[in-house]
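For reference, run15.txt is printed below; it contains compact mmCIF, C-alpha atoms and all ligand atoms.
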# COMPACT_ATOMS: atom_id res chain seq x y z
CA MET V 236 -232.33 168.54 -38.56
CA GLU V 237 -236.05 168.51 -39.19
CA GLY V 238 -238.98 169.74 -37.11
CA THR V 239 -241.45 167.08 -36.05
CA GLY V 240 -244.80 168.88 -36.02
CA VAL V 241 -246.11 166.75 -33.11
CA GLU V 242 -248.38 168.16 -30.43
CA LYS V 243 -246.19 169.10 -27.48
CA SER V 244 -247.28 168.93 -23.87
CA ILE V 245 -245.00 171.91 -23.20
CA ASP V 246 -243.87 173.96 -26.19
CA PHE V 247 -240.37 175.04 -25.22
CA ASP V 248 -239.94 176.61 -28.67
CA LEU V 249 -241.74 179.63 -27.17
CA VAL V 250 -239.07 180.33 -24.55
CA ALA V 251 -235.94 178.60 -25.87
CA ASP V 252 -234.04 181.92 -25.98
CA LEU V 253 -234.83 182.52 -22.28
CA TYR V 254 -234.45 178.95 -20.98
CA ASP V 255 -230.78 179.11 -19.95
CA THR V 256 -231.44 182.37 -18.11
CA TYR V 257 -234.24 181.13 -15.87
CA VAL V 258 -233.19 177.45 -15.59
CA ASP V 259 -229.87 178.24 -13.94
CA VAL V 260 -229.48 175.03 -11.94
CA ASP V 261 -226.72 172.42 -12.06
CA PHE V 262 -227.55 170.12 -9.11
CA ASP V 263 -227.46 167.01 -11.35
CA VAL V 264 -224.51 167.84 -13.64
CA GLY V 265 -221.79 166.45 -11.35
CA PHE V 266 -223.73 163.21 -11.07
CA TYR V 267 -223.86 162.75 -14.86
CA LEU V 268 -220.20 163.70 -15.30
CA ASP V 269 -219.31 160.87 -12.99
CA TYR V 270 -221.97 158.41 -14.19
CA CYS V 271 -221.18 158.70 -17.90
CA LYS V 272 -217.52 157.77 -17.31
CA GLN V 273 -218.50 154.09 -17.26
CA TYR V 274 -220.05 154.20 -20.74
CA LYS V 275 -218.69 154.51 -24.24
CA ARG V 276 -221.54 155.69 -26.43
CA VAL V 277 -224.14 157.80 -24.66
CA LEU V 278 -227.53 159.05 -25.86
CA GLU V 279 -229.27 161.89 -24.05
CA LEU V 280 -233.01 162.14 -24.68
CA MET V 281 -234.93 165.42 -24.16
CA CYS V 282 -231.65 167.30 -23.94
CA GLY V 283 -233.14 170.79 -24.46
CA THR V 284 -230.54 173.54 -24.72
CA GLY V 285 -227.83 171.24 -23.38
CA ARG V 286 -227.84 172.24 -19.73
CA VAL V 287 -226.42 168.77 -18.98
CA SER V 288 -225.12 167.93 -22.47
CA VAL V 289 -222.61 170.75 -22.82
CA PRO V 290 -220.60 169.92 -19.66
CA LEU V 291 -220.62 166.24 -20.71
CA ILE V 292 -219.39 167.04 -24.21
CA GLU V 293 -216.70 169.33 -22.77
CA ALA V 294 -215.61 166.44 -20.52
CA GLY V 295 -215.14 164.24 -23.60
CA VAL V 296 -218.28 162.05 -23.36
CA ASP V 297 -219.23 160.55 -26.74
CA LEU V 298 -222.74 162.02 -26.68
CA THR V 299 -225.68 162.08 -29.08
CA CYS V 300 -228.44 164.54 -28.18
CA VAL V 301 -232.15 164.30 -29.07
CA ASP V 302 -235.03 166.69 -28.45
CA TYR V 303 -238.18 167.53 -30.41
CA SER V 304 -237.87 171.31 -29.94
CA GLN V 305 -235.85 172.70 -32.83
CA GLU V 306 -235.51 176.04 -31.05
CA MET V 307 -234.03 174.40 -27.94
CA LEU V 308 -231.62 172.45 -30.15
CA ASN V 309 -230.59 175.63 -31.97
CA VAL V 310 -229.52 177.08 -28.62
CA LEU V 311 -227.60 173.89 -27.85
CA SER V 312 -225.85 173.90 -31.24
CA SER V 313 -224.89 177.57 -30.80
CA LYS V 314 -222.99 176.58 -27.64
CA LEU V 315 -220.90 173.93 -29.42
CA SER V 316 -217.75 174.91 -31.23
CA SER V 317 -217.78 174.49 -35.01
CA SER V 318 -215.20 171.69 -34.75
CA ASN V 319 -217.39 169.69 -32.36
CA ASP V 320 -218.87 166.59 -34.03
CA THR V 321 -221.63 165.84 -31.48
CA THR V 322 -224.78 164.58 -33.22
CA VAL V 323 -227.78 166.76 -32.34
CA LEU V 324 -231.10 165.45 -33.64
CA CYS V 325 -234.65 166.76 -33.68
CA GLN V 326 -236.88 163.77 -33.00
CA ASP V 327 -239.83 162.80 -30.86
CA VAL V 328 -238.44 160.22 -28.43
CA THR V 329 -241.64 158.17 -28.70
CA GLU V 330 -240.74 157.64 -32.37
CA LEU V 331 -236.98 157.51 -31.87
CA ASP V 332 -235.26 156.21 -34.98
CA LEU V 333 -231.47 156.41 -35.11
CA ALA V 334 -228.93 154.32 -36.97
CA ASP V 335 -226.89 153.57 -33.83
CA GLN V 336 -227.10 151.65 -30.59
CA PHE V 337 -225.75 153.04 -27.33
CA ASP V 338 -224.28 151.79 -24.05
CA LEU V 339 -226.21 154.33 -21.98
CA ILE V 340 -229.43 156.25 -22.65
CA PHE V 341 -230.48 158.84 -20.10
CA VAL V 342 -233.42 161.19 -19.71
CA PRO V 343 -232.50 164.04 -17.35
CA PHE V 344 -234.51 166.63 -15.40
CA ASN V 345 -237.79 164.72 -15.00
CA SER V 346 -238.54 165.32 -18.68
CA PHE V 347 -240.01 161.84 -19.23
CA SER V 348 -243.11 163.13 -17.39
CA GLU V 349 -243.77 165.41 -20.38
CA ILE V 350 -244.98 162.32 -22.24
CA THR V 351 -248.52 162.59 -20.92
CA ASP V 352 -250.03 159.71 -22.86
CA ALA V 353 -249.45 156.32 -21.19
CA SER V 354 -249.30 154.42 -24.49
CA LYS V 355 -246.67 156.88 -25.75
CA ARG V 356 -244.62 156.22 -22.61
CA GLU V 357 -244.76 152.53 -23.49
CA GLN V 358 -243.60 153.36 -27.00
CA ALA V 359 -240.74 155.48 -25.62
CA PHE V 360 -239.46 152.54 -23.55
CA GLN V 361 -239.67 150.23 -26.55
CA ARG V 362 -237.79 152.72 -28.73
CA ALA V 363 -235.14 153.23 -26.05
CA SER V 364 -234.67 149.46 -25.80
CA LYS V 365 -234.15 149.21 -29.57
CA HIS V 366 -231.37 151.80 -29.34
CA LEU V 367 -229.48 150.13 -26.50
CA VAL V 368 -226.95 147.33 -26.78
CA LYS V 369 -227.74 144.21 -24.74
CA GLY V 370 -226.68 144.87 -21.17
CA GLY V 371 -226.92 148.63 -21.84
CA THR V 372 -228.30 151.03 -19.24
CA LEU V 373 -231.41 153.19 -19.34
CA PHE V 374 -231.46 155.97 -16.72
CA VAL V 375 -234.76 157.85 -16.35
CA THR V 376 -235.30 160.64 -13.84
CA LEU V 377 -238.67 161.65 -12.38
CA TYR V 378 -240.04 163.57 -9.46
CA ASN V 379 -241.45 161.45 -6.68
CA PRO V 380 -245.17 162.10 -7.42
CA GLU V 381 -246.00 162.30 -3.71
CA TYR V 382 -243.47 165.10 -3.31
CA ARG V 383 -244.22 166.99 -6.53
CA LYS V 384 -247.98 167.16 -6.13
CA LEU V 385 -247.61 169.14 -2.88
CA SER V 386 -246.50 172.24 -4.79
CA ALA V 387 -249.14 171.90 -7.52
CA ASP V 388 -251.64 173.81 -5.39
CA GLY V 389 -253.01 176.30 -7.95
CA SER V 390 -251.43 179.36 -6.34
CA THR V 391 -249.33 181.79 -8.39
CA LYS V 392 -245.66 181.77 -7.41
CA THR V 393 -242.63 183.70 -8.58
CA LEU V 394 -239.76 181.59 -9.81
CA GLY V 395 -237.39 184.56 -9.76
CA ARG V 396 -235.93 187.66 -11.33
CA PHE V 397 -233.12 187.01 -13.81
CA GLU V 398 -230.73 189.47 -15.43
CA LEU V 399 -230.63 189.45 -19.24
CA ASP V 400 -227.53 190.41 -21.23
CA ASP V 401 -228.78 193.79 -22.47
CA GLY V 402 -229.51 195.33 -19.06
CA LYS V 403 -233.09 194.09 -19.17
CA HIS V 404 -234.42 191.60 -16.69
CA LEU V 405 -236.84 188.72 -16.79
CA VAL V 406 -239.42 187.82 -14.17
CA VAL V 407 -240.85 184.31 -14.34
CA SER V 408 -243.96 183.33 -12.41
CA TYR V 409 -246.24 180.33 -12.65
CA PHE V 410 -249.10 178.40 -11.24
CA ASN V 411 -249.84 174.74 -11.51
CA SER V 412 -252.60 172.45 -10.33
CA TYR V 413 -252.83 168.73 -9.94
CA SER V 414 -255.64 166.70 -11.40
CA GLN V 415 -255.82 163.42 -9.50
CA PRO V 416 -257.93 161.33 -11.92
CA GLU V 417 -255.57 161.95 -14.83
CA GLN V 418 -252.46 162.22 -12.59
CA LEU V 419 -251.63 165.38 -14.51
CA VAL V 420 -250.10 168.66 -13.45
CA HIS V 421 -251.19 171.54 -15.64
CA GLY V 422 -250.69 175.26 -15.44
CA THR V 423 -249.12 178.32 -17.03
CA GLN V 424 -245.73 179.99 -16.88
CA PHE V 425 -245.54 183.77 -17.35
CA TYR V 426 -242.48 185.55 -18.70
CA GLU V 427 -242.22 189.31 -18.29
CA ILE V 428 -239.26 191.25 -19.64
CA PHE V 429 -238.51 194.71 -18.19
CA ASP V 430 -236.07 197.32 -19.49
CA GLN V 431 -233.47 199.28 -17.44
CA SER V 432 -236.17 201.68 -16.24
CA ASP V 433 -238.40 198.80 -15.11
CA GLN V 434 -240.87 199.26 -17.96
CA LEU V 435 -242.55 196.05 -19.08
CA VAL V 436 -241.43 195.55 -22.71
CA GLU V 437 -242.46 191.99 -23.46
CA LYS V 438 -244.84 189.37 -22.11
CA ARG V 439 -245.04 185.70 -23.00
CA GLN V 440 -246.78 182.70 -21.54
CA MET V 441 -246.38 178.97 -21.92
CA GLU V 442 -248.92 176.30 -20.99
CA ILE V 443 -247.46 173.35 -19.13
CA ARG V 444 -248.74 169.84 -18.74
CA PHE V 445 -246.91 166.82 -17.35
CA SER V 446 -247.76 163.52 -15.71
CA LEU V 447 -246.93 162.42 -12.21
CA ILE V 448 -245.93 158.88 -13.09
CA GLN V 449 -246.13 156.23 -10.40
CA LYS V 450 -243.19 153.97 -9.59
CA GLU V 451 -245.27 150.86 -10.36
CA GLU V 452 -246.04 152.12 -13.86
CA MET V 453 -242.34 152.70 -14.55
CA LEU V 454 -241.48 149.19 -13.37
CA ALA V 455 -244.19 147.67 -15.58
CA LEU V 456 -243.12 149.71 -18.61
CA ALA V 457 -239.53 148.65 -18.12
CA GLU V 458 -240.37 144.98 -17.70
CA ASP V 459 -242.53 144.97 -20.84
CA ALA V 460 -239.67 146.50 -22.83
CA GLY V 461 -237.20 143.85 -21.60
CA PHE V 462 -235.43 145.79 -18.84
CA LYS V 463 -234.39 144.72 -15.37
CA LEU V 464 -234.39 147.24 -12.53
CA GLN V 465 -230.96 147.82 -11.01
CA ILE V 466 -231.76 150.56 -8.50
CA ILE V 467 -233.98 153.57 -7.90
CA TYR V 468 -232.10 156.58 -6.53
CA GLY V 469 -233.90 159.22 -4.47
CA ASP V 470 -231.41 161.99 -5.26
CA TYR V 471 -228.24 162.73 -7.23
CA GLN V 472 -225.87 161.69 -4.43
CA GLY V 473 -226.46 157.95 -4.76
CA THR V 474 -229.05 157.61 -1.96
CA PRO V 475 -231.57 154.82 -2.63
CA PHE V 476 -235.17 155.94 -3.15
CA ALA V 477 -237.45 156.16 -0.10
CA GLN V 478 -241.09 157.27 0.27
CA ASN V 479 -240.05 160.82 1.16
CA SER V 480 -237.37 161.23 -1.54
CA MET V 481 -237.68 164.23 -3.83
CA PHE V 482 -236.67 162.25 -6.92
CA MET V 483 -237.27 158.81 -8.35
CA ASN V 484 -234.33 158.08 -10.65
CA PHE V 485 -234.48 154.66 -12.26
CA GLU V 486 -231.52 152.67 -13.49
CA PHE V 487 -232.58 149.81 -15.76
CA VAL V 488 -230.47 147.30 -17.64
CA LYS V 489 -231.50 145.84 -20.96
CA GLN V 490 -231.83 142.09 -20.58
CA GLU V 491 -230.27 139.47 -22.76
CA THR V 492 -233.37 137.95 -24.33
CA PRO V 493 -233.26 134.19 -24.00
CA ARG V 494 -234.10 132.77 -27.39
CA ILE V 495 -236.28 129.75 -27.72
CA THR V 496 -234.72 127.13 -29.90
CA PRO V 497 -237.44 125.24 -31.77
CA PRO V 498 -237.48 121.49 -31.09
CA MET V 499 -235.76 119.22 -33.62
CA THR V 500 -237.91 117.72 -36.33
CA ILE V 501 -238.19 113.97 -37.00
CA ASP V 502 -236.16 114.50 -40.20
CA GLU V 503 -233.32 116.08 -38.27
CA LEU V 504 -233.31 113.25 -35.72
CA LEU V 505 -233.41 110.62 -38.49
CA PHE V 506 -230.38 112.25 -40.12
CA PHE V 507 -228.35 111.06 -37.11
CA ASP V 508 -229.92 107.59 -36.89
CA ALA V 509 -226.87 105.87 -38.35
CA LYS V 510 -224.39 107.94 -36.27
CA PRO V 511 -226.15 108.68 -32.95
CA GLY V 512 -222.84 109.74 -31.32
CA THR V 513 -222.81 112.86 -33.48
CA LEU V 514 -226.26 114.10 -32.44
CA PRO V 515 -224.96 116.12 -29.40
CA LEU V 516 -222.46 117.83 -31.73
CA TYR V 517 -225.27 118.81 -34.08
CA GLU V 518 -227.38 119.98 -31.15
CA ALA V 519 -224.55 122.28 -29.97
CA VAL V 520 -224.17 123.80 -33.44
CA ARG V 521 -227.94 124.18 -33.86
CA ASP V 522 -228.43 125.83 -30.43
CA SER V 523 -225.67 128.34 -31.14
CA ILE V 524 -227.13 129.23 -34.52
CA PHE V 525 -230.62 129.76 -33.06
CA ALA V 526 -229.11 131.83 -30.25
CA TYR V 527 -227.94 134.26 -32.91
CA SER V 528 -231.26 134.52 -34.74
CA GLU V 529 -234.72 133.00 -34.64
CA ASP V 530 -235.32 133.72 -38.32
CA ILE V 531 -233.79 130.52 -39.57
CA ILE V 532 -235.13 127.69 -41.69
CA VAL V 533 -233.69 124.20 -41.30
CA LYS V 534 -233.87 121.93 -44.33
CA VAL V 535 -232.85 118.28 -44.17
CA SER V 536 -231.77 116.46 -47.33
CA LYS V 537 -230.10 113.09 -47.86
CA THR V 538 -226.56 114.41 -47.50
CA GLN V 539 -226.80 117.52 -45.34
CA ILE V 540 -228.82 119.75 -43.06
CA ALA V 541 -228.93 123.32 -44.36
CA PHE V 542 -229.59 126.48 -42.35
CA SER V 543 -230.95 129.47 -44.22
CA ASN V 544 -232.19 133.00 -43.69
CA ARG V 545 -232.94 134.48 -47.10
CA TYR V 546 -230.34 132.06 -48.45
CA GLN V 547 -228.46 129.09 -47.12
CA PHE V 548 -225.51 130.05 -44.95
CA ALA V 549 -224.41 126.95 -43.02
CA PHE V 550 -224.55 123.18 -43.42
CA VAL V 551 -223.95 120.12 -41.30
CA SER V 552 -223.03 116.80 -42.90
CA HIS V 553 -221.40 113.44 -42.30
CA GLN V 554 -218.98 114.04 -45.17
CA ARG V 555 -215.68 112.23 -44.57
CA VAL V 556 -212.58 114.21 -43.79
CA LYS V 557 -209.27 112.41 -44.12
CA GLY V 558 -207.47 111.95 -40.81
CA SER V 559 -210.48 112.80 -38.59
CA ARG V 560 -211.49 110.31 -35.93
CA SER V 561 -215.19 109.53 -35.34
CA PRO V 562 -217.48 110.78 -34.02
CA TYR V 563 -217.49 114.10 -35.80
CA ILE V 564 -219.67 116.22 -38.04
CA LEU V 565 -218.55 118.57 -40.76
CA LEU V 566 -219.74 122.16 -40.45
CA THR V 567 -219.70 124.13 -43.68
CA PHE V 568 -220.29 127.84 -44.12
CA GLY V 569 -219.83 130.43 -46.83
CA LEU V 570 -217.98 133.71 -46.44
CA GLY V 571 -217.25 136.58 -48.78
CA ARG V 572 -213.53 136.07 -48.15
CA ARG V 573 -211.09 133.26 -47.61
CA GLU V 574 -210.32 132.54 -43.95
CA GLU V 575 -206.87 131.05 -43.27
CA HIS V 576 -206.99 129.19 -39.96
CA PRO V 577 -205.65 125.85 -38.68
CA ARG V 578 -209.21 124.76 -37.86
CA ILE V 579 -210.42 125.24 -41.42
CA ALA V 580 -210.07 121.77 -42.96
CA VAL V 581 -210.78 122.83 -46.53
CA ALA V 582 -211.67 126.12 -48.24
CA THR V 583 -212.88 126.35 -51.82
CA GLU V 584 -214.20 129.13 -54.02
CA PRO V 585 -217.14 127.59 -55.90
CA TYR V 586 -218.26 130.99 -57.18
CA PRO V 587 -216.22 134.18 -57.51
CA GLY V 588 -216.44 136.11 -54.24
CA ARG V 589 -217.90 133.24 -52.23
CA TRP V 590 -215.64 130.99 -50.20
CA THR V 591 -216.91 127.72 -48.73
CA HIS V 592 -215.16 126.66 -45.53
CA HIS V 593 -215.31 123.28 -43.80
CA VAL V 594 -214.59 122.73 -40.10
CA VAL V 595 -214.56 119.42 -38.26
CA ILE V 596 -216.58 119.42 -35.04
CA SER V 597 -215.64 116.46 -32.86
CA THR V 598 -216.54 117.73 -29.37
CA VAL V 599 -219.26 120.01 -28.05
CA ALA V 600 -216.49 122.36 -26.87
CA ASP V 601 -215.45 122.78 -30.51
CA VAL V 602 -218.59 124.91 -30.97
CA ASP V 603 -216.87 127.93 -29.46
CA ASP V 604 -216.78 131.69 -30.01
CA GLN V 605 -214.50 131.31 -33.03
CA ILE V 606 -216.95 128.99 -34.78
CA MET V 607 -219.84 131.31 -33.94
CA GLU V 608 -217.92 134.29 -35.30
CA TRP V 609 -217.59 132.52 -38.66
CA VAL V 610 -221.16 131.21 -38.70
CA THR V 611 -222.66 134.60 -37.83
CA GLU V 612 -220.50 136.21 -40.50
CA ALA V 613 -221.86 133.60 -42.90
CA TYR V 614 -225.39 134.43 -41.73
CA ASP V 615 -224.86 138.13 -42.38
CA PHE V 616 -223.14 137.44 -45.71
CA ALA V 617 -226.05 135.26 -46.88
CA SER V 618 -228.67 137.76 -45.79
CA ILE V 619 -226.98 140.50 -47.80
CA LYS V 620 -225.41 138.74 -50.77
CA GLY V 621 -227.33 135.55 -51.11
CA MET V 622 -225.67 132.24 -51.56
CA ARG V 623 -226.38 129.33 -53.83
CA ASN V 624 -226.43 125.70 -52.70
CA GLN V 625 -223.39 124.30 -51.07
CA GLY V 626 -222.26 122.57 -54.28
C1 LIG D 701 -237.67 170.60 -19.00
S1 LIG D 701 -236.88 170.54 -20.51
C2 LIG D 701 -235.35 169.82 -20.02
C3 LIG D 701 -234.23 170.17 -20.94
C4 LIG D 701 -232.87 169.67 -20.49
N1 LIG D 701 -232.83 168.23 -20.44
C5 LIG D 701 -232.47 170.21 -19.15
O1 LIG D 701 -232.15 169.41 -18.28
O2 LIG D 701 -232.44 171.42 -19.00
C6 LIG D 701 -237.69 169.20 -21.31
C7 LIG D 701 -237.23 168.97 -22.73
O3 LIG D 701 -237.84 167.76 -23.21
C8 LIG D 701 -238.22 167.95 -24.55
N2 LIG D 701 -239.26 166.96 -24.87
C9 LIG D 701 -240.46 166.80 -24.26
N3 LIG D 701 -241.13 165.78 -24.82
C10 LIG D 701 -240.34 165.29 -25.81
C11 LIG D 701 -240.48 164.23 -26.75
N4 LIG D 701 -241.59 163.46 -26.80
N5 LIG D 701 -239.48 163.99 -27.62
C12 LIG D 701 -238.35 164.75 -27.60
N6 LIG D 701 -238.17 165.77 -26.73
C13 LIG D 701 -239.15 166.04 -25.84
C14 LIG D 701 -238.68 169.39 -24.59
O4 LIG D 701 -238.68 169.90 -25.91
C15 LIG D 701 -237.66 170.05 -23.69
O5 LIG D 701 -236.56 170.52 -24.40

Whole structure, structure tokens version:
Amino acid sequence: MEGTGVEKSIDFDLVADLYDTYVDVDFDVGFYLDYCKQYKRVLELMCGTGRVSVPLIEAGVDLTCVDYSQEMLNVLSSKLSSSNDTTVLCQDVTELDLADQFDLIFVPFNSFSEITDASKREQAFQRASKHLVKGGTLFVTLYNPEYRKLSADGSTKTLGRFELDDGKHLVVSYFNSYSQPEQLVHGTQFYEIFDQSDQLVEKRQMEIRFSLIQKEEMLALAEDAGFKLQIIYGDYQGTPFAQNSMFMNFEFVKQETPRITPPMTIDELLFFDAKPGTLPLYEAVRDSIFAYSEDIIVKVSKTQIAFSNRYQFAFVSHQRVKGSRSPYILLTFGLGRREEHPRIAVATEPYPGRWTHHVVISTVADVDDQIMEWVTEAYDFASIKGMRNQG
């Protein structure tokens, strides 16, 4: 794991060793234990020392944990057994860059408000979207700003006295104030450690700064990043959000992005001039291919229409196939392996390691999931390996 060196709105590195002592709450843990059951791969952002993560991991949730405080993550890692294979990563969530996609991403304990720059919040939503599968869930928890600003009154308050392991005790106090124009809460937390005879032996302080984000901003951020709102909860018992709720917990679902299929060119239409009955078959194939990717070039020649990404991966032609009754088109695609299937009319190996397969398409219904599985495999094969002309 690497440190990130970014400017932090609250530098939890300063108190990571004390965090679990003074943040001794678990009001939300039962909720997550239940909620995560529905999901396979789960990513927790801003996980800290694992207040929520550890119970989830112990319950068998397939969890990946991200935070930008290396010290907080060190505490989390120290709580995991050496045989545990949970991925724990030090990253800024506004720059999130992981190799995987997840079914659920959640941000517990109002931590999203620590992103105090609005454009960074936008970035965080975009990054979260990139790391979710289509239809995946993003769950972001916040304080209801109307509720939270009431306690940001500038007065010094004591959070509590907490026993430390070595007979010492910790007293945490704080003040915070609300600045309306910037919608920011800022203040200071004080940490005083006393020995057995009540002598002050250590003093620390940590500046805090977080945003009170409005519901409307969250909805706009989510919409811009391609999410649909499912529900806003006002607590961790499943109660819908109301004006006087303490929390504002958003459940968003990543939308399936409808792709726009470019209109057919004159050349494509002319290719079907002599056999107009086959045009709907071509249209079905073409729509399915563009639904998979927009980065496709269509090239029409005398004998075929070729689809390419970096290289050509699929072809449509009027080539005759013995025993097939008109109207039909022949769909050809190249794979890195030979597929044996009753629907494959012919398979040849024009070059070592590249198999050309031909399938007859005689109804629109023939362009089904099986065909798309082969064509998308051909797409991926061509984008990696490259593929020469159909031959
Ligand atoms: C209040 S703590 C919450 C920790 C933990 N989720 C919990 O419930 O106890 C907020 C955490 O968010 C992390 N954090 C804040 N901004 C972050 C960012 N941009 N990227 C990654 N982590 C961030 C902090 O380092 C800190 O560990």

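Atom pair atom CA of Tyr257 of chain V / atom CA of Gln424 of chain V: separated by 11.6 Å.
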
Contacts to ligand LIG 701 (chain D) at 9 Å cut-off (all atoms listed in the file) as an MDAnalysis selection string: chainID V and resid 241 243:248 251 254:255 258:261 263 279:288 301:308 325:331 342:351 355:356 359

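What separates atom CA of Ala334 of chain V from atom CA of Thr321 of chain V is a distance of 14.7 Å.
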
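Proximity to Gln539 of chain V was assessed for V:Glu503, V:Leu516, V:Ile524, V:Ser446 counting all atoms listed in the file; the smallest distance is recorded for V:Glu503.
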
From the list V:Thr611, V:Ser561, V:Ser354, V:Ser552, which residue is nearest Tyr527 of chain V when using all atoms listed in the file? V:Thr611

For a quick check of your reading of the model, name the residues lying within 10 Å of the coordinate (-244.7, 166.6, -6.0), counting all atoms listed in the file, and write them as a PyMOL selection string. chain V and resi 378-387+413+420+447+481-482

Residue with smallest distance to Glu574 of chain V - pool V:Lys369, V:His592, V:His421, V:Arg521, counting all atoms listed in the file: V:His592

Who sits within 6 Å of Val594 of chain V, all atoms listed in the file, same chain under 4 positions skipped, as a PyMOL selection string: chain V and resi 565-566+579-580

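The residue that comes closest to Cys271 of chain V, out of V:Asp338, V:Glu357, V:Glu452, V:Asp615 and on the basis of only C-alpha atoms, is V:Asp338.
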
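If you look at atom CA of Ile466 of chain V and atom CA of Phe374 of chain V, they are 9.8 Å away from each other.
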
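Residue nearest Gly571 of chain V within the list V:Pro290, V:Gly422, V:Gly295, V:Gly588: V:Gly588 [criterion: smallest interatomic distance, all atoms listed in the file].
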
Residues within 8 Å of segment 529-531 of chain V, please, as a ChimeraX atom specification. Count only C-alpha atoms; anything in the same chain fewer than 6 positions from it doesn't count. /V:494-496,542-544

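Distance check against Leu570 of chain V using all atoms listed in the file: of V:Leu504, V:Leu367, V:Ala617, V:Met483, the minimum falls on V:Ala617.
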
10 Å contact set for Glu491 of chain V, only C-alpha atoms, chain neighbours under 4 positions out, as a list in words: Val368, Lys369, Gly370, Gly371, Gly461, Phe462 and Lys463 of chain V

Starting from the point (-250.1, 179.1, -8.7), work out which residues of protein, DNA or RNA have an atom no more than 8 Å away when counting only C-alpha atoms; state them as an mmCIF file with C-alpha atoms, keeping the file's coordinate frame.
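Contents of selection25.cif, freshly written:
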data_model
loop_
_atom_site.group_PDB
_atom_site.id
_atom_site.type_symbol
_atom_site.label_atom_id
_atom_site.label_comp_id
_atom_site.auth_asym_id
_atom_site.auth_seq_id
_atom_site.Cartn_x
_atom_site.Cartn_y
_atom_site.Cartn_z
ATOM 1 C CA ALA V 387 -249.140 171.900 -7.520
ATOM 2 C CA ASP V 388 -251.640 173.810 -5.390
ATOM 3 C CA GLY V 389 -253.010 176.300 -7.950
ATOM 4 C CA SER V 390 -251.430 179.360 -6.340
ATOM 5 C CA THR V 391 -249.330 181.790 -8.390
ATOM 6 C CA LYS V 392 -245.660 181.770 -7.410
ATOM 7 C CA TYR V 409 -246.240 180.330 -12.650
ATOM 8 C CA PHE V 410 -249.100 178.400 -11.240
ATOM 9 C CA ASN V 411 -249.840 174.740 -11.510
ATOM 10 C CA SER V 412 -252.600 172.450 -10.330
ATOM 11 C CA GLY V 422 -250.690 175.260 -15.440
#

With 3 Å of padding per side, what axis-aligned box (centre and edge lengths, Å, one decimal) covers all the listed atoms of segment 600-615 of chain V? Give it as JSON.
{"center_x": -219.9, "center_y": 130.2, "center_z": -34.9, "size_x": 16.9, "size_y": 21.8, "size_z": 22.0}

Excluding Asp297 of chain V and residues on its chain fewer than 5 positions from it, collect all residues at most 12 Å away from it, counting all atoms listed in the file, and give them as a PyMOL selection string. chain V and resi 268+271-279+288-292+319-323+337-340

Distance query Ala582 of chain V at most 9 Å, only C-alpha atoms, self and fewer than 6 positions along chain excluded, as a PyMOL selection string: chain V and resi 573-575+590-593
